[in-house]
file data_13.cif (mmCIF, C-alpha atoms)
data_my_file
loop_
_atom_site.label_atom_id
_atom_site.label_comp_id
_atom_site.auth_asym_id
_atom_site.auth_seq_id
_atom_site.Cartn_x
_atom_site.Cartn_y
_atom_site.Cartn_z
CA MET A 1 136.18 103.82 106.60
CA TRP A 2 132.50 102.81 106.99
CA GLN A 3 132.87 102.77 110.77
CA LEU A 4 134.25 106.30 110.68
CA GLN A 5 131.34 107.41 108.50
CA LYS A 6 128.81 105.92 110.90
CA ALA A 7 130.54 107.62 113.82
CA TYR A 8 130.30 110.94 111.99
CA TYR A 9 126.58 110.38 111.29
CA ARG A 10 125.88 109.68 114.96
CA ALA A 11 127.88 112.71 116.08
CA TYR A 12 126.00 114.90 113.60
CA GLN A 13 122.67 113.59 114.90
CA LYS A 14 123.59 114.27 118.52
CA VAL A 15 124.61 117.84 117.69
CA MET A 16 121.36 118.38 115.79
CA LYS A 17 119.30 117.03 118.68
CA ILE A 18 120.92 119.51 121.04
CA ALA A 19 120.64 122.38 118.53
CA LEU A 20 116.89 121.83 118.15
CA PHE A 21 116.31 122.88 121.74
CA VAL A 22 116.76 126.53 120.69
CA PHE A 23 113.67 126.48 118.43
CA ASP A 24 110.07 127.15 119.38
CA TRP A 25 108.14 123.84 119.31
CA SER A 26 104.81 125.13 120.61
CA GLU A 27 101.70 123.85 118.81
CA PRO A 28 100.05 125.97 116.10
CA GLU A 29 96.92 127.84 117.13
CA LEU A 30 94.02 125.51 116.34
CA LEU A 31 90.42 125.72 115.22
CA GLU A 32 88.95 122.28 115.95
CA GLY A 33 85.83 120.17 115.61
CA PRO A 34 83.00 119.61 113.11
CA GLY A 35 82.27 122.79 111.15
CA ALA A 36 85.51 124.51 112.19
CA ILE A 37 86.16 125.57 108.58
CA LYS A 38 83.18 127.93 108.77
CA ARG A 39 84.91 129.83 111.58
CA LEU A 40 88.15 130.26 109.65
CA PRO A 41 87.31 133.41 107.61
CA GLN A 42 86.43 135.47 110.70
CA PHE A 43 89.54 134.05 112.37
CA VAL A 44 91.65 135.19 109.41
CA LYS A 45 89.99 138.62 109.53
CA ASN A 46 90.73 138.92 113.25
CA LYS A 47 94.40 138.29 112.53
CA GLY A 48 94.45 141.38 110.30
CA PHE A 49 94.24 139.89 106.79
CA ASP A 50 91.69 140.83 104.13
CA ASN A 51 93.24 139.43 100.94
CA VAL A 52 94.36 135.81 100.70
CA LEU A 53 95.60 133.20 98.23
CA VAL A 54 93.83 129.84 98.54
CA VAL A 55 96.10 126.95 97.48
CA THR A 56 94.35 123.68 96.68
CA ASP A 57 93.99 121.21 93.80
CA LYS A 58 91.49 120.62 91.00
CA GLY A 59 90.14 117.46 92.58
CA LEU A 60 88.96 119.34 95.65
CA THR A 61 87.54 122.25 93.67
CA SER A 62 85.60 119.83 91.44
CA LEU A 63 84.06 118.26 94.56
CA HIS A 64 82.94 121.76 95.70
CA LEU A 65 84.57 121.17 99.08
CA LEU A 66 85.69 124.80 99.21
CA ASP A 67 82.31 126.38 98.41
CA GLY A 68 81.44 126.93 102.07
CA LEU A 69 84.81 128.55 102.70
CA TYR A 70 84.37 130.89 99.73
CA GLU A 71 80.92 131.93 100.94
CA LYS A 72 82.21 132.77 104.41
CA LEU A 73 85.19 134.66 102.99
CA ASP A 74 82.74 136.77 100.98
CA GLU A 75 80.54 137.28 104.04
CA VAL A 76 83.33 138.73 106.17
CA GLY A 77 84.77 140.82 103.33
CA ILE A 78 87.99 138.94 102.58
CA LYS A 79 89.18 139.06 98.98
CA TYR A 80 90.62 135.82 97.66
CA VAL A 81 92.18 134.28 94.59
CA VAL A 82 92.47 130.53 94.05
CA TYR A 83 95.43 128.47 92.84
CA ASP A 84 94.22 124.93 92.15
CA GLY A 85 96.95 123.72 89.80
CA THR A 86 98.75 121.69 92.46
CA LYS A 87 99.88 118.29 91.16
CA PRO A 88 99.88 115.13 93.34
CA ASN A 89 103.62 115.59 93.86
CA PRO A 90 103.84 119.42 93.64
CA THR A 91 106.47 120.66 91.23
CA ILE A 92 108.76 123.67 91.16
CA ASP A 93 106.51 125.15 88.45
CA ASN A 94 103.50 124.82 90.78
CA ILE A 95 105.35 126.84 93.42
CA GLU A 96 106.37 129.57 90.99
CA ASP A 97 102.87 129.84 89.49
CA ALA A 98 101.24 130.13 92.91
CA ARG A 99 103.83 132.67 94.04
CA GLN A 100 103.18 134.83 90.98
CA LEU A 101 99.41 134.70 91.57
CA TYR A 102 99.94 135.85 95.17
CA LEU A 103 102.12 138.77 94.09
CA ASP A 104 99.94 139.81 91.14
CA ASN A 105 96.86 140.02 93.37
CA GLY A 106 98.44 141.75 96.36
CA CYS A 107 97.67 138.90 98.75
CA GLN A 108 98.68 139.10 102.41
CA ALA A 109 98.42 135.47 103.56
CA ILE A 110 97.78 131.93 102.29
CA ILE A 111 95.08 129.40 103.10
CA ALA A 112 96.34 125.89 102.30
CA PHE A 113 93.39 123.55 101.71
CA GLY A 114 93.88 119.88 100.98
CA GLY A 115 96.14 116.91 101.58
CA GLY A 116 99.91 116.79 101.65
CA SER A 117 100.39 118.11 98.12
CA PRO A 118 98.49 121.43 98.50
CA MET A 119 100.11 121.82 101.93
CA ASP A 120 103.61 121.34 100.53
CA CYS A 121 102.82 123.63 97.61
CA ALA A 122 101.50 126.35 99.92
CA LYS A 123 104.42 126.09 102.37
CA ALA A 124 107.05 126.27 99.64
CA THR A 125 105.14 129.14 97.99
CA ALA A 126 105.04 131.04 101.28
CA ALA A 127 108.79 130.56 101.59
CA ARG A 128 109.49 131.72 98.03
CA ILE A 129 107.36 134.85 98.50
CA THR A 130 109.59 136.16 101.29
CA ASN A 131 112.85 134.64 99.99
CA PRO A 132 112.75 135.70 96.32
CA ARG A 133 116.49 135.17 95.79
CA THR A 134 116.45 131.60 97.05
CA SER A 135 115.18 129.08 94.50
CA VAL A 136 113.35 125.91 95.53
CA ARG A 137 116.46 123.90 94.63
CA LYS A 138 118.57 126.10 96.94
CA MET A 139 116.03 125.66 99.76
CA ARG A 140 116.61 121.92 99.72
CA GLY A 141 118.06 120.59 102.95
CA LEU A 142 118.13 122.02 106.44
CA LEU A 143 117.76 125.63 107.63
CA LYS A 144 118.12 127.29 104.22
CA LEU A 145 115.42 129.98 104.68
CA VAL A 146 116.64 133.47 105.54
CA HIS A 147 113.23 135.10 106.08
CA LYS A 148 110.03 133.85 107.69
CA PRO A 149 107.50 132.70 105.06
CA ALA A 150 104.23 134.46 104.39
CA THR A 151 101.54 133.72 106.99
CA LEU A 152 99.87 130.36 106.42
CA PHE A 153 96.52 128.97 107.60
CA ALA A 154 96.60 125.19 107.09
CA VAL A 155 93.39 123.20 106.48
CA PRO A 156 94.06 119.45 106.08
CA THR A 157 91.44 117.38 104.26
CA THR A 158 93.21 114.09 104.90
CA ALA A 159 94.34 112.53 108.17
CA GLY A 160 97.84 111.59 107.25
CA THR A 161 100.59 114.04 106.37
CA GLY A 162 100.47 116.19 109.49
CA SER A 163 101.71 119.00 107.23
CA GLU A 164 99.65 121.51 109.18
CA VAL A 165 102.19 121.24 112.00
CA THR A 166 105.46 120.17 110.36
CA VAL A 167 108.61 122.06 109.42
CA ALA A 168 108.96 120.27 106.08
CA ALA A 169 107.78 120.62 102.49
CA VAL A 170 108.63 118.33 99.59
CA VAL A 171 108.72 119.62 96.01
CA SER A 172 109.35 117.47 92.91
CA ASP A 173 111.84 118.46 90.27
CA PRO A 174 110.55 117.09 86.91
CA GLU A 175 113.93 117.69 85.26
CA THR A 176 115.90 115.41 87.61
CA HIS A 177 113.08 113.23 89.04
CA GLU A 178 114.28 114.28 92.49
CA LYS A 179 112.21 115.42 95.41
CA ASN A 180 113.50 118.54 97.13
CA ALA A 181 112.89 118.10 100.86
CA ILE A 182 112.91 121.51 102.52
CA ASN A 183 113.30 121.44 106.31
CA ASP A 184 113.17 124.59 108.38
CA PRO A 185 111.20 125.52 111.55
CA LYS A 186 110.19 128.74 109.78
CA LEU A 187 108.00 126.61 107.45
CA ARG A 188 105.68 125.55 110.26
CA PRO A 189 102.18 127.06 109.84
CA LYS A 190 101.13 129.37 112.65
CA TYR A 191 97.46 128.39 112.37
CA ALA A 192 95.64 125.14 111.57
CA VAL A 193 92.05 123.93 111.18
CA LEU A 194 91.10 120.35 112.17
CA ASP A 195 87.58 119.81 110.83
CA PRO A 196 86.61 116.12 110.50
CA GLU A 197 83.69 116.98 108.22
CA LEU A 198 86.20 117.87 105.49
CA THR A 199 87.47 114.27 105.49
CA LEU A 200 84.07 112.52 105.27
CA GLY A 201 84.16 112.22 101.48
CA LEU A 202 87.58 110.60 101.27
CA PRO A 203 87.43 107.29 99.41
CA PRO A 204 88.60 104.20 101.33
CA HIS A 205 91.93 103.90 99.50
CA ILE A 206 92.93 107.49 100.30
CA THR A 207 91.68 107.06 103.87
CA SER A 208 93.85 103.98 104.37
CA THR A 209 97.06 105.22 102.77
CA THR A 210 96.97 108.63 104.44
CA GLY A 211 96.24 106.96 107.77
CA MET A 212 99.23 104.65 107.33
CA ASP A 213 101.29 107.71 106.40
CA ALA A 214 100.48 109.14 109.84
CA LEU A 215 101.38 105.83 111.47
CA THR A 216 104.73 105.88 109.66
CA HIS A 217 105.41 109.37 111.01
CA ALA A 218 104.65 108.29 114.56
CA VAL A 219 106.64 105.05 114.40
CA GLU A 220 109.72 106.48 112.69
CA ALA A 221 109.84 109.38 115.15
CA TYR A 222 109.39 107.04 118.12
CA ILE A 223 112.12 104.55 117.26
CA GLY A 224 114.69 107.18 116.28
CA LYS A 225 117.46 108.55 118.47
CA SER A 226 116.30 112.19 118.61
CA ASN A 227 113.23 111.71 120.78
CA VAL A 228 112.47 113.96 123.72
CA LYS A 229 109.70 113.60 126.30
CA SER A 230 107.15 115.55 124.25
CA THR A 231 107.76 113.68 120.96
CA ILE A 232 107.53 110.33 122.76
CA ALA A 233 104.14 111.31 124.17
CA TYR A 234 102.87 112.59 120.82
CA ALA A 235 103.99 109.45 118.96
CA GLU A 236 102.38 107.15 121.53
CA LYS A 237 99.07 109.05 121.38
CA ALA A 238 99.11 108.98 117.58
CA THR A 239 99.87 105.25 117.35
CA LYS A 240 97.12 104.34 119.81
CA LEU A 241 94.52 106.49 118.05
CA ILE A 242 95.42 105.11 114.62
CA PHE A 243 95.21 101.47 115.65
CA GLU A 244 91.85 102.16 117.32
CA ASN A 245 90.30 104.11 114.46
CA ILE A 246 91.86 103.50 111.03
CA GLU A 247 89.76 100.42 110.22
CA LYS A 248 86.63 102.24 111.43
CA VAL A 249 87.13 105.12 108.99
CA TYR A 250 88.15 102.74 106.20
CA GLU A 251 84.94 100.73 106.59
CA ASN A 252 82.66 103.68 107.40
CA GLY A 253 83.88 106.97 106.02
CA LYS A 254 80.96 108.86 107.58
CA ASP A 255 82.01 108.09 111.17
CA VAL A 256 82.64 111.69 112.29
CA GLU A 257 84.01 110.73 115.70
CA ALA A 258 86.56 108.31 114.24
CA ARG A 259 87.46 110.82 111.52
CA ASP A 260 88.05 113.43 114.23
CA LYS A 261 90.34 111.06 116.12
CA MET A 262 92.31 110.26 112.97
CA LEU A 263 92.82 113.97 112.28
CA LYS A 264 94.12 114.42 115.82
CA ALA A 265 96.35 111.36 115.40
CA SER A 266 97.81 112.86 112.24
CA PHE A 267 98.39 116.12 114.10
CA TYR A 268 100.13 114.34 117.00
CA ALA A 269 102.28 112.30 114.61
CA GLY A 270 103.24 115.54 112.87
CA MET A 271 104.22 117.06 116.20
CA ALA A 272 106.38 114.00 116.88
CA PHE A 273 108.30 113.70 113.64
CA THR A 274 108.75 117.38 112.94
CA ARG A 275 111.17 117.48 115.86
CA ALA A 276 112.34 113.85 116.18
CA TYR A 277 112.62 113.29 112.40
CA VAL A 278 111.68 110.28 110.31
CA GLY A 279 113.87 107.56 108.82
CA TYR A 280 114.64 105.38 105.82
CA VAL A 281 110.97 104.63 105.10
CA HIS A 282 110.60 108.25 104.07
CA ALA A 283 113.94 108.43 102.29
CA ILE A 284 113.00 105.48 100.08
CA ALA A 285 109.38 106.62 99.66
CA HIS A 286 110.40 110.08 98.50
CA ASN A 287 112.57 108.61 95.77
CA LEU A 288 110.05 106.01 94.62
CA GLY A 289 107.60 108.91 94.38
CA GLY A 290 110.07 110.97 92.40
CA PHE A 291 110.82 108.15 89.95
CA TYR A 292 107.42 106.53 89.52
CA GLY A 293 104.85 108.96 90.87
CA ILE A 294 103.82 106.61 93.69
CA PRO A 295 101.68 108.58 96.18
CA HIS A 296 103.63 109.25 99.35
CA GLY A 297 101.18 107.68 101.79
CA LEU A 298 100.95 104.50 99.73
CA ALA A 299 104.73 104.27 99.47
CA ASN A 300 105.16 104.70 103.23
CA ALA A 301 102.50 102.10 103.99
CA VAL A 302 104.14 99.46 101.80
CA ILE A 303 107.74 100.21 102.82
CA LEU A 304 107.22 100.54 106.60
CA PRO A 305 107.23 96.86 107.65
CA TYR A 306 110.25 96.03 105.47
CA VAL A 307 112.39 98.79 107.00
CA LEU A 308 111.27 97.88 110.53
CA GLU A 309 112.36 94.30 109.84
CA TYR A 310 115.72 95.61 108.61
CA TYR A 311 116.26 97.50 111.88
CA GLY A 312 115.91 94.20 113.74
CA GLU A 313 116.83 94.17 117.41
CA THR A 314 117.95 97.83 117.36
CA ALA A 315 114.25 98.78 117.25
CA HIS A 316 112.78 95.93 119.31
CA GLU A 317 112.50 97.79 122.61
CA SER A 318 110.69 100.78 121.10
CA LEU A 319 108.43 98.68 118.89
CA ALA A 320 107.59 96.46 121.86
CA LYS A 321 106.33 99.53 123.74
CA LEU A 322 104.19 100.51 120.76
CA ALA A 323 102.81 96.96 120.60
CA VAL A 324 101.59 97.30 124.18
CA ILE A 325 100.26 100.85 123.73
CA SER A 326 98.36 99.90 120.58
CA GLY A 327 96.95 96.73 122.13
CA VAL A 328 98.65 94.46 119.60
CA LYS A 329 100.55 92.33 122.14
CA THR A 330 100.99 92.92 125.86
CA ASP A 331 103.11 89.93 126.90
CA GLY A 332 106.24 88.11 125.74
CA THR A 333 109.78 89.26 125.02
CA ASN A 334 110.59 92.57 123.37
CA ALA A 335 111.43 90.70 120.18
CA GLU A 336 108.09 88.88 120.21
CA LYS A 337 106.13 92.07 120.85
CA ALA A 338 108.09 93.99 118.20
CA ASN A 339 107.54 91.28 115.61
CA ALA A 340 103.84 91.16 116.51
CA PHE A 341 103.66 94.93 115.93
CA ILE A 342 105.27 94.60 112.49
CA ALA A 343 102.91 91.73 111.67
CA ALA A 344 99.96 93.93 112.75
CA ILE A 345 101.06 96.61 110.29
CA LYS A 346 101.16 94.04 107.49
CA GLU A 347 97.72 92.81 108.55
CA LEU A 348 96.30 96.34 108.52
CA ASN A 349 97.68 96.85 105.01
CA ALA A 350 96.16 93.59 103.81
CA LYS A 351 92.76 94.34 105.35
CA MET A 352 92.71 97.73 103.61
CA ASN A 353 93.84 96.38 100.21
CA ILE A 354 97.26 98.01 100.34
CA PRO A 355 99.74 95.95 98.28
CA ASN A 356 102.89 94.40 99.73
CA GLY A 357 105.13 95.67 96.92
CA PHE A 358 105.38 97.52 93.60
CA ASP A 359 105.68 96.22 90.05
CA CYS A 360 107.03 99.51 88.65
CA ILE A 361 110.53 99.42 90.18
CA LYS A 362 113.16 98.88 87.47
CA ASP A 363 116.53 97.22 88.02
CA GLU A 364 118.37 99.96 86.20
CA ASP A 365 116.89 102.65 88.50
CA ILE A 366 117.87 100.99 91.77
CA PRO A 367 121.44 102.36 92.05
CA THR A 368 120.18 105.93 91.65
CA ILE A 369 117.27 105.38 94.06
CA VAL A 370 119.70 103.94 96.63
CA GLU A 371 122.15 106.81 96.20
CA ARG A 372 119.47 109.46 96.57
CA ALA A 373 117.72 107.75 99.47
CA LEU A 374 120.96 107.49 101.44
CA LYS A 375 121.87 111.07 100.55
CA GLU A 376 118.58 112.14 102.13
CA GLY A 377 118.83 109.81 105.13
CA ASN A 378 122.51 110.09 106.05
CA PRO A 379 123.51 111.80 108.24
CA LEU A 380 120.23 113.62 108.95
CA TYR A 381 117.85 110.87 110.06
CA PRO A 382 118.63 109.48 113.55
CA VAL A 383 117.60 105.92 112.68
CA PRO A 384 118.09 102.90 114.97
CA ARG A 385 120.47 101.23 112.49
CA ILE A 386 122.40 102.99 109.73
CA MET A 387 122.07 101.62 106.20
CA ASP A 388 124.82 101.29 103.64
CA LYS A 389 124.21 100.87 99.91
CA ALA A 390 123.90 97.09 100.08
CA ASP A 391 121.38 97.31 102.93
CA CYS A 392 119.26 99.88 101.09
CA GLU A 393 119.31 97.90 97.85
CA ALA A 394 118.26 94.75 99.69
CA VAL A 395 115.23 96.52 101.18
CA ILE A 396 114.24 97.99 97.80
CA ARG A 397 114.50 94.61 96.12
CA ARG A 398 112.12 93.18 98.73
CA LEU A 399 109.60 95.79 97.53
CA MET A 400 109.67 94.50 93.95
CA LYS A 401 106.77 92.34 92.79
#
call {"tool": "encode", "arguments": {"input": "data_13.cif", "output": "structure tokens"}}
result
Amino acid sequence: MWQLQKAYYRAYQKVMKIALFVFDWSEPELLEGPGAIKRLPQFVKNKGFDNVLVVTDKGLTSLHLLDGLYEKLDEVGIKYVVYDGTKPNPTIDNIEDARQLYLDNGCQAIIAFGGGSPMDCAKATAARITNPRTSVRKMRGLLKLVHKPATLFAVPTTAGTGSEVTVAAVVSDPETHEKNAINDPKLRPKYAVLDPELTLGLPPHITSTTGMDALTHAVEAYIGKSNVKSTIAYAEKATKLIFENIEKVYENGKDVEARDKMLKASFYAGMAFTRAYVGYVHAIAHNLGGFYGIPHGLANAVILPYVLEYYGETAHESLAKLAVISGVKTDGTNAEKANAFIAAIKELNAKMNIPNGFDCIKDEDIPTIVERALKEGNPLYPVPRIMDKADCEAVIRRLMK
């Protein structure tokens, strides 16, 4: 029976890989470089919008990171209203509140400003605005949007999620402790701003975990079975840039050049996984986040090496290539290079004070976490090696401290 199930999963993944060729995978239109945020309001105006909803969070507004944007919006005559109630794992209520604010104020587009949470909040809000009869819970899964979302201008302030270029949004459901992963090419923002100056104030811990989030995106996309030539190239570029720059930005947050390269790495990783998908690292991370509120980047960083070890020889060839590209190890067998790459990830985590496990995972929660993680991962994620319940539980137990 299990062999039949695995055969079905692989067949499903092959069909999905072929089906994805019909979608438009061109990059969003970009504003790039230091100070790019100051050019955004005129850019928005030129696209025909003069009334926008800004979606962000209270942490960013308290740091006055948006003051320059507000000034420029005023200068060019664009009306705006701000929703800054986004929680670290945005909830269904966040989406509905932001949607109502958009409608009440006659907005025409959305500027998403922040890390993964404001991005996810803004993307789901944009979808709800144009799909009023489809609840967030009904959007969960693949290709559930009937209408294109409201126009979105994405401004990342962390180098990690790649949300400015992805087709996904994740929304927490406080009632069930589940995360609703919405996946649809219509969710992809049409416009994005990559301004490294917006990331200069990130504290080291956020810098490290968001950077490892981007690495997870690149690695999971690269080792999966839905790669195409473009996603392979994007993942390789992202991995190389991250290994060359993540410690630099962790140790010196004011290094604009390294910050710029990390933003681009996050963008490339987003381009890779939004078409090639992720894997069980994300499936487990989403559910640990839903149960215990663990930030997504931190969860990915901790889980990544354990899942790569689980994949074993099924991922050795791909990981060996990444070991060479990242400069971790250029000689030896594929197994030796792959294991060196995994060891390098653990070493990066240790250097940046990222723990090697969590003390919040409870025995009684594990069956539900396993069930939900596998429901997310199978059959959608084209992973090198398919997990069953025992495999997934074994990985989760390795995460317990």
call {"tool": "residues_around", "arguments": {"input": "data_13.cif", "residues": "Lys58 (chain A)", "least_positions_apart": "2", "cutoff": "7 Å", "atoms": "only C-alpha atoms", "output": "ChimeraX atom specification"}}
result
/A:60-62,84-85
call {"tool": "resolve_selection", "arguments": {"input": "data_13.cif", "expression": "the PyMOL selection byres ((chain A and resi 10-22) around 7)", "output": "PyMOL selection string"}}
result
chain A and resi 6-9+23-24+226+379-380+382
call {"tool": "write_last_selection", "arguments": {"input": "data_13.cif", "atoms": "C-alpha atoms", "output": "PDB file, in the frame of the given file"}}
result
ATOM      1  CA  LYS A   6     128.810 105.920 110.900  1.00  0.00           C
ATOM      2  CA  ALA A   7     130.540 107.620 113.820  1.00  0.00           C
ATOM      3  CA  TYR A   8     130.300 110.940 111.990  1.00  0.00           C
ATOM      4  CA  TYR A   9     126.580 110.380 111.290  1.00  0.00           C
ATOM      5  CA  PHE A  23     113.670 126.480 118.430  1.00  0.00           C
ATOM      6  CA  ASP A  24     110.070 127.150 119.380  1.00  0.00           C
ATOM      7  CA  SER A 226     116.300 112.190 118.610  1.00  0.00           C
ATOM      8  CA  PRO A 379     123.510 111.800 108.240  1.00  0.00           C
ATOM      9  CA  LEU A 380     120.230 113.620 108.950  1.00  0.00           C
ATOM     10  CA  PRO A 382     118.630 109.480 113.550  1.00  0.00           C
TER      11      PRO A 382
END
call {"tool": "closest_residue", "arguments": {"input": "data_13.cif", "among": "A:Pro34, A:Arg99, A:Asp184, A:Gly77", "to": "Asp255 (chain A)", "atoms": "all atoms listed in the file"}}
result
A:Pro34
call {"tool": "residues_around", "arguments": {"input": "data_13.cif", "residues": "region 285-297 of chain A", "least_positions_apart": "5", "cutoff": "9 Å", "atoms": "all atoms listed in the file", "output": "number ranges by chain"}}
result
A: 88-89, 116, 160-161, 170, 172-174, 176-179, 181, 206, 208-214, 216, 280, 302-303, 360-361, 365, 369-370, 372-373
call {"tool": "atom_distance", "arguments": {"input": "data_13.cif", "atom1": "CA of His205 (chain A)", "atom2": "CA of Glu164 (chain A)"}}
result
21.5 Å
call {"tool": "resolve_selection", "arguments": {"input": "data_13.cif", "expression": "the PyMOL selection byres ((chain A and resi 232) around 9)", "output": "list in words"}}
result
Ala218, Ala221, Tyr222, Asn227, Val228, Lys229, Ser230, Thr231, Ala233, Tyr234, Ala235, Glu236, Lys237, Ala272 and Ala276 of chain A
call {"tool": "residues_around", "arguments": {"input": "data_13.cif", "residues": "Pro355 (chain A)", "least_positions_apart": "2", "cutoff": "10 Å", "atoms": "only C-alpha atoms", "output": "list in words"}}
result
Leu298, Ala299, Ala301, Val302, Lys346, Asn349, Ala350, Met352, Asn353, Gly357, Phe358, Leu399 and Lys401 of chain A
